[in-house]
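For reference, the structure is listed below as C-alpha coordinates.
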Amino acid sequence: VFNEVKRLLLRCAKCNFLTAPFDVEADKELKPGSCVECQSKGPWRVDRVKTLYRNHQRITIQESPSTVEPGKMPRSKEVILTGDQVDSVRPGDELQLTGIYRCLYDAATNARTCFPVYKTEIAAVHLHRKGDLKLIELTEDKVQQINDLRKDPNLRERIICSMAPSIYGMKHVKTAIALSMMGGQQKTTAGKHRIRGDINTLIVGDPGLAKSQFLKYIEQ
(Lines give C-alpha, C1' and ligand atoms only; values in the text may rest on other atoms or scores of the structure.)
Protein backbone atom coordinates (compact mmCIF):
# COMPACT_ATOMS: atom_id res chain seq x y z
CA VAL A 1 0.00 0.00 0.00
CA PHE A 2 1.37 3.39 -1.03
CA ASN A 3 0.38 7.02 -0.58
CA GLU A 4 -0.78 8.72 -3.76
CA VAL A 5 -1.11 12.47 -4.20
CA LYS A 6 -4.75 13.39 -4.79
CA ARG A 7 -4.62 17.19 -4.47
CA LEU A 8 -1.26 18.95 -4.72
CA LEU A 9 -0.40 22.33 -3.22
CA LEU A 10 2.85 24.08 -4.12
CA ARG A 11 4.72 27.01 -2.59
CA CYS A 12 6.92 29.42 -4.46
CA ALA A 13 10.52 28.92 -3.38
CA LYS A 14 11.20 32.67 -3.70
CA CYS A 15 8.26 34.31 -1.89
CA ASN A 16 6.73 31.28 -0.10
CA PHE A 17 3.29 32.03 -1.60
CA LEU A 18 0.83 29.13 -1.67
CA THR A 19 -0.66 28.27 -5.07
CA ALA A 20 -4.15 27.05 -5.82
CA PRO A 21 -4.65 23.27 -5.41
CA PHE A 22 -3.99 20.97 -8.39
CA ASP A 23 -6.01 17.79 -8.88
CA VAL A 24 -3.40 15.20 -9.86
CA GLU A 25 -4.30 12.64 -12.54
CA ALA A 26 -2.06 10.04 -14.16
CA ASP A 27 -2.91 11.03 -17.74
CA LYS A 28 -2.60 14.80 -17.31
CA GLU A 29 0.55 16.90 -17.22
CA LEU A 30 0.98 19.21 -14.23
CA LYS A 31 1.81 22.83 -15.20
CA PRO A 32 1.93 25.22 -12.21
CA GLY A 33 2.49 28.32 -14.38
CA SER A 34 3.73 31.48 -12.63
CA CYS A 35 3.44 32.65 -9.04
CA VAL A 36 0.51 35.00 -8.40
CA GLU A 37 2.49 36.99 -5.82
CA CYS A 38 5.91 37.54 -7.42
CA GLN A 39 5.22 36.38 -11.04
CA SER A 40 8.07 33.90 -10.83
CA LYS A 41 7.84 30.68 -12.85
CA GLY A 42 9.71 28.60 -10.29
CA PRO A 43 11.26 26.83 -8.58
CA TRP A 44 8.45 25.26 -6.54
CA ARG A 45 8.35 23.12 -3.45
CA VAL A 46 5.57 20.82 -2.23
CA ASP A 47 3.57 21.83 0.84
CA ARG A 48 3.54 18.40 2.49
CA VAL A 49 1.18 19.49 5.29
CA LYS A 50 -1.69 20.77 3.15
CA THR A 51 -1.26 18.36 0.23
CA LEU A 52 -4.01 15.73 0.23
CA TYR A 53 -3.04 12.05 -0.10
CA ARG A 54 -4.99 8.82 -0.48
CA ASN A 55 -4.20 5.12 -0.18
CA HIS A 56 -3.13 3.41 -3.39
CA GLN A 57 -2.64 -0.29 -4.05
CA ARG A 58 -1.93 -2.45 -7.12
CA ILE A 59 -3.26 -5.99 -7.26
CA THR A 60 -3.33 -8.60 -10.01
CA ILE A 61 -6.49 -10.50 -10.86
CA GLN A 62 -6.40 -13.77 -12.76
CA GLU A 63 -8.90 -16.05 -14.42
CA SER A 64 -9.97 -19.00 -12.36
CA PRO A 65 -8.03 -22.08 -13.59
CA SER A 66 -11.25 -24.10 -13.66
CA THR A 67 -12.75 -21.77 -16.32
CA VAL A 68 -9.73 -21.82 -18.66
CA GLU A 69 -9.77 -24.09 -21.70
CA PRO A 70 -7.29 -27.01 -21.61
CA GLY A 71 -3.83 -26.08 -22.86
CA LYS A 72 -4.22 -22.33 -22.21
CA MET A 73 -2.73 -20.16 -19.48
CA PRO A 74 -5.03 -18.06 -17.24
CA ARG A 75 -4.99 -14.39 -18.24
CA SER A 76 -4.21 -11.73 -15.66
CA LYS A 77 -4.64 -7.97 -15.39
CA GLU A 78 -3.47 -5.26 -13.00
CA VAL A 79 -6.12 -3.48 -10.95
CA ILE A 80 -5.73 -0.17 -9.10
CA LEU A 81 -7.41 0.12 -5.69
CA THR A 82 -7.80 3.48 -3.95
CA GLY A 83 -9.35 4.79 -0.75
CA ASP A 84 -11.46 2.33 1.24
CA GLN A 85 -10.90 -0.42 -1.34
CA VAL A 86 -7.29 -0.84 -0.22
CA ASP A 87 -6.65 -4.05 1.77
CA SER A 88 -10.25 -5.18 1.19
CA VAL A 89 -9.21 -8.35 -0.66
CA ARG A 90 -6.70 -11.12 -0.03
CA PRO A 91 -4.86 -13.55 -2.32
CA GLY A 92 -7.18 -16.35 -3.38
CA ASP A 93 -10.42 -14.36 -3.08
CA GLU A 94 -12.97 -14.71 -5.88
CA LEU A 95 -14.09 -11.23 -6.95
CA GLN A 96 -16.78 -9.48 -8.89
CA LEU A 97 -15.09 -6.31 -10.15
CA THR A 98 -16.50 -3.17 -11.73
CA GLY A 99 -13.95 -0.68 -13.04
CA ILE A 100 -12.65 1.58 -15.79
CA TYR A 101 -10.43 0.00 -18.44
CA ARG A 102 -7.57 2.41 -19.18
CA CYS A 103 -4.76 2.48 -21.75
CA LEU A 104 -1.49 4.06 -20.62
CA TYR A 105 1.37 5.13 -22.84
CA ASP A 106 4.48 3.15 -21.90
CA ALA A 107 7.50 5.19 -23.02
CA ALA A 108 10.10 2.62 -21.92
CA THR A 109 8.51 -0.20 -23.91
CA ASN A 110 8.03 2.05 -26.94
CA ALA A 111 11.71 3.00 -26.95
CA ARG A 112 12.69 -0.66 -26.77
CA THR A 113 10.33 -1.97 -29.47
CA CYS A 114 10.32 1.16 -31.72
CA PHE A 115 6.54 1.02 -32.26
CA PRO A 116 3.55 2.23 -30.19
CA VAL A 117 2.77 0.02 -27.21
CA TYR A 118 0.13 0.76 -24.60
CA LYS A 119 -0.09 -0.69 -21.12
CA THR A 120 -3.60 -1.49 -19.90
CA GLU A 121 -5.00 -1.54 -16.39
CA ILE A 122 -8.33 -1.40 -14.57
CA ALA A 123 -9.22 1.37 -12.11
CA ALA A 124 -11.56 -0.31 -9.63
CA VAL A 125 -14.89 1.36 -8.92
CA HIS A 126 -16.62 -1.40 -6.95
CA LEU A 127 -15.46 -4.71 -5.45
CA HIS A 128 -17.51 -7.61 -4.19
CA ARG A 129 -16.00 -10.74 -2.71
CA LYS A 130 -17.98 -13.90 -3.34
CA GLY A 131 -18.94 -15.57 -0.09
CA ASP A 132 -19.18 -12.37 1.98
CA LEU A 133 -22.00 -12.41 4.49
CA LYS A 134 -24.78 -9.87 4.09
CA LEU A 135 -26.12 -7.86 7.00
CA ILE A 136 -29.72 -8.85 7.77
CA GLU A 137 -32.00 -6.52 9.67
CA LEU A 138 -33.79 -8.38 12.46
CA THR A 139 -37.51 -7.82 12.71
CA GLU A 140 -39.46 -7.95 15.95
CA ASP A 141 -40.73 -11.43 15.10
CA LYS A 142 -37.17 -12.69 14.54
CA VAL A 143 -36.01 -11.17 17.83
CA GLN A 144 -38.92 -12.88 19.63
CA GLN A 145 -38.02 -16.23 18.04
CA ILE A 146 -34.40 -15.82 19.15
CA ASN A 147 -35.47 -15.02 22.72
CA ASP A 148 -37.78 -18.05 22.78
CA LEU A 149 -34.98 -20.26 21.44
CA ARG A 150 -32.61 -18.93 24.11
CA LYS A 151 -34.93 -20.20 26.83
CA ASP A 152 -35.03 -23.73 25.39
CA PRO A 153 -33.18 -26.12 27.79
CA ASN A 154 -32.32 -28.43 24.84
CA LEU A 155 -30.79 -25.67 22.75
CA ARG A 156 -27.33 -27.30 22.74
CA GLU A 157 -28.69 -30.60 21.45
CA ARG A 158 -30.78 -28.86 18.79
CA ILE A 159 -27.75 -26.99 17.47
CA ILE A 160 -25.65 -30.17 17.35
CA CYS A 161 -28.40 -32.12 15.54
CA SER A 162 -28.75 -29.29 12.99
CA MET A 163 -25.16 -29.82 11.80
CA ALA A 164 -25.46 -31.66 8.46
CA PRO A 165 -28.79 -33.30 9.37
CA SER A 166 -28.69 -35.50 6.26
CA ILE A 167 -25.78 -37.46 7.80
CA TYR A 168 -26.87 -40.08 10.33
CA GLY A 169 -25.11 -40.34 13.69
CA MET A 170 -21.55 -39.04 14.23
CA LYS A 171 -22.66 -36.89 17.14
CA HIS A 172 -19.07 -36.33 18.33
CA VAL A 173 -18.12 -34.93 14.90
CA LYS A 174 -21.20 -32.70 14.79
CA THR A 175 -20.44 -31.45 18.31
CA ALA A 176 -16.88 -30.51 17.30
CA ILE A 177 -18.12 -28.70 14.18
CA ALA A 178 -20.77 -26.78 16.15
CA LEU A 179 -18.23 -25.68 18.76
CA SER A 180 -15.81 -24.64 16.04
CA MET A 181 -18.46 -22.54 14.27
CA MET A 182 -19.58 -20.85 17.49
CA GLY A 183 -16.02 -20.18 18.65
CA GLY A 184 -14.73 -19.69 22.15
CA GLN A 185 -13.97 -16.70 24.35
CA GLN A 186 -10.70 -14.82 24.10
CA LYS A 187 -8.67 -14.79 27.30
CA THR A 188 -5.86 -12.54 28.47
CA THR A 189 -3.66 -13.89 31.28
CA ALA A 190 -1.91 -11.40 33.55
CA GLY A 191 -2.60 -8.66 31.02
CA LYS A 192 0.18 -9.89 28.72
CA HIS A 193 -0.43 -13.27 27.12
CA ARG A 194 -3.50 -13.48 24.87
CA ILE A 195 -5.24 -16.79 24.13
CA ARG A 196 -7.37 -16.80 21.00
CA GLY A 197 -10.99 -17.85 21.19
CA ASP A 198 -10.91 -19.62 17.82
CA ILE A 199 -11.38 -23.40 17.87
CA ASN A 200 -9.57 -25.51 15.26
CA THR A 201 -11.09 -28.84 14.23
CA LEU A 202 -9.37 -31.70 12.40
CA ILE A 203 -11.61 -34.39 10.90
CA VAL A 204 -9.82 -37.68 10.19
CA GLY A 205 -11.36 -40.90 8.93
CA ASP A 206 -11.54 -43.60 6.29
CA PRO A 207 -12.89 -42.83 2.79
CA GLY A 208 -16.65 -42.69 2.51
CA LEU A 209 -17.29 -41.34 6.05
CA ALA A 210 -18.79 -38.02 4.80
CA LYS A 211 -15.84 -35.83 5.75
CA SER A 212 -16.25 -33.74 2.59
CA GLN A 213 -20.00 -33.47 3.17
CA PHE A 214 -19.37 -31.92 6.58
CA LEU A 215 -17.01 -29.36 5.04
CA LYS A 216 -19.51 -28.49 2.30
CA TYR A 217 -22.21 -27.97 4.91
CA ILE A 218 -19.98 -25.57 6.86
CA GLU A 219 -19.12 -23.65 3.68
CA GLN A 220 -22.81 -23.10 2.92
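Labels for the C-alpha coordinates follow display order: chains A, B, ..., residues from 1 in each chain, ligands from 1.
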
Worksheet item: If you run DSSP on the backbone, which residues of segment 3-215 of chain A are strand (DSSP E), as a PyMOL selection string?
Response: chain A and resi 3-8+10-12+22-23+44-46+52-62+76-82+95-105+118-129+187-189+193-195

List the neighbours of Arg54 of chain A out to 8 Å using only C-alpha atoms; skip same-chain residues closer than 5 positions along the sequence, and give me the result as an mmCIF file with N, CA, C and O atoms, in the first residue's frame.
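That gives us part.cif:
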data_model
loop_
_atom_site.group_PDB
_atom_site.id
_atom_site.type_symbol
_atom_site.label_atom_id
_atom_site.label_comp_id
_atom_site.auth_asym_id
_atom_site.auth_seq_id
_atom_site.Cartn_x
_atom_site.Cartn_y
_atom_site.Cartn_z
ATOM 1 N N ASN A 3 1.096 5.748 -0.624
ATOM 2 C CA ASN A 3 0.384 7.019 -0.579
ATOM 3 C C ASN A 3 0.448 7.672 -1.947
ATOM 4 O O ASN A 3 1.529 7.826 -2.517
ATOM 5 N N GLU A 4 -0.696 8.075 -2.462
ATOM 6 C CA GLU A 4 -0.782 8.716 -3.764
ATOM 7 C C GLU A 4 -1.300 10.138 -3.577
ATOM 8 O O GLU A 4 -2.240 10.379 -2.803
ATOM 9 N N VAL A 5 -0.691 11.080 -4.291
ATOM 10 C CA VAL A 5 -1.107 12.473 -4.196
ATOM 11 C C VAL A 5 -2.439 12.638 -4.912
ATOM 12 O O VAL A 5 -2.573 12.309 -6.097
ATOM 13 N N LYS A 6 -3.439 13.140 -4.201
ATOM 14 C CA LYS A 6 -4.754 13.389 -4.794
ATOM 15 C C LYS A 6 -4.931 14.862 -5.141
ATOM 16 O O LYS A 6 -5.429 15.210 -6.212
ATOM 17 N N THR A 82 -8.034 2.212 -4.639
ATOM 18 C CA THR A 82 -7.800 3.478 -3.947
ATOM 19 C C THR A 82 -8.794 3.618 -2.803
ATOM 20 O O THR A 82 -9.855 2.990 -2.800
ATOM 21 N N GLY A 83 -8.438 4.472 -1.845
ATOM 22 C CA GLY A 83 -9.350 4.793 -0.748
ATOM 23 C C GLY A 83 -9.686 3.592 0.113
ATOM 24 O O GLY A 83 -8.828 2.822 0.527
#

Worksheet item: Do you know which residues are at most 10 Å from Leu215 of chain A counting only C-alpha atoms, after dropping those on the same chain fewer than 4 positions away, and could you put them as a PyMOL selection string?
Response: chain A and resi 164+177+203+210-211+219-220

Worksheet item: Nearest to Val1 of chain A among A:Val86, A:Leu138, A:Cys35, A:Ile61, with distances taken over only C-alpha atoms: which residue is it?
Response: A:Val86

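In terms of minimum interatomic distance to Ala124 of chain A, A:Arg58 ranks closest within A:Arg90, A:Arg75, A:Arg58, A:Lys142, counting only C-alpha atoms.
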
Discussion item. Using DSSP assignments from the backbone, pull out every residue in chain A that falls under helix (DSSP H, G or I) and give it to me as a ChimeraX atom specification.
Written reply: /A:65-67,83-85,107-113,140-150,155-161,171-182,211-219

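Shortest atom-to-atom contact with Glu37 of chain A among A:Val68, A:Val125, A:Ile80, A:Ala13: A:Ala13, counting only C-alpha atoms.
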
Practice prompt. Choose the residue, out of A:Cys161, A:Met170, A:Leu127, A:Ile199, that has the smallest atom-to-atom separation from Gly183 of chain A; count only C-alpha atoms.
Written response: A:Ile199

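Compared by their closest atoms to His56 of chain A, and using only C-alpha atoms, the residues A:Lys192, A:Gln85, A:Ile159, A:Asp206 rank with A:Gln85 nearest.
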
How close does each residue of segment 57-157 of chain A get to segment 20-26 of chain A, giving the shortest atom pair and distance in Å to one decimal for every residue with an atom at most 12 Å away, counting only C-alpha atoms, sorted by chain and residue number, as CSV?
residue,atom,partner,partner_atom,distance
A:Ile80,CA,A:Ala26,CA,12.0
A:Arg102,CA,A:Ala26,CA,10.7
A:Cys103,CA,A:Ala26,CA,11.0
A:Leu104,CA,A:Ala26,CA,8.8
A:Tyr105,CA,A:Ala26,CA,10.6
A:Ala123,CA,A:Ala26,CA,11.4

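Here atom CA of Ser180 of chain A stands at a distance of 28.9 Å from atom CA of Glu140 of chain A.
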
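Restricting the calculation to only C-alpha atoms, the smallest distance between Glu78 of chain A and any of A:Arg196, A:Lys119, A:Arg112, A:Lys174 is found for A:Lys119.
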
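Atom pair atom CA of Ile59 of chain A / atom CA of Thr113 of chain A: separated by 26.3 Å.
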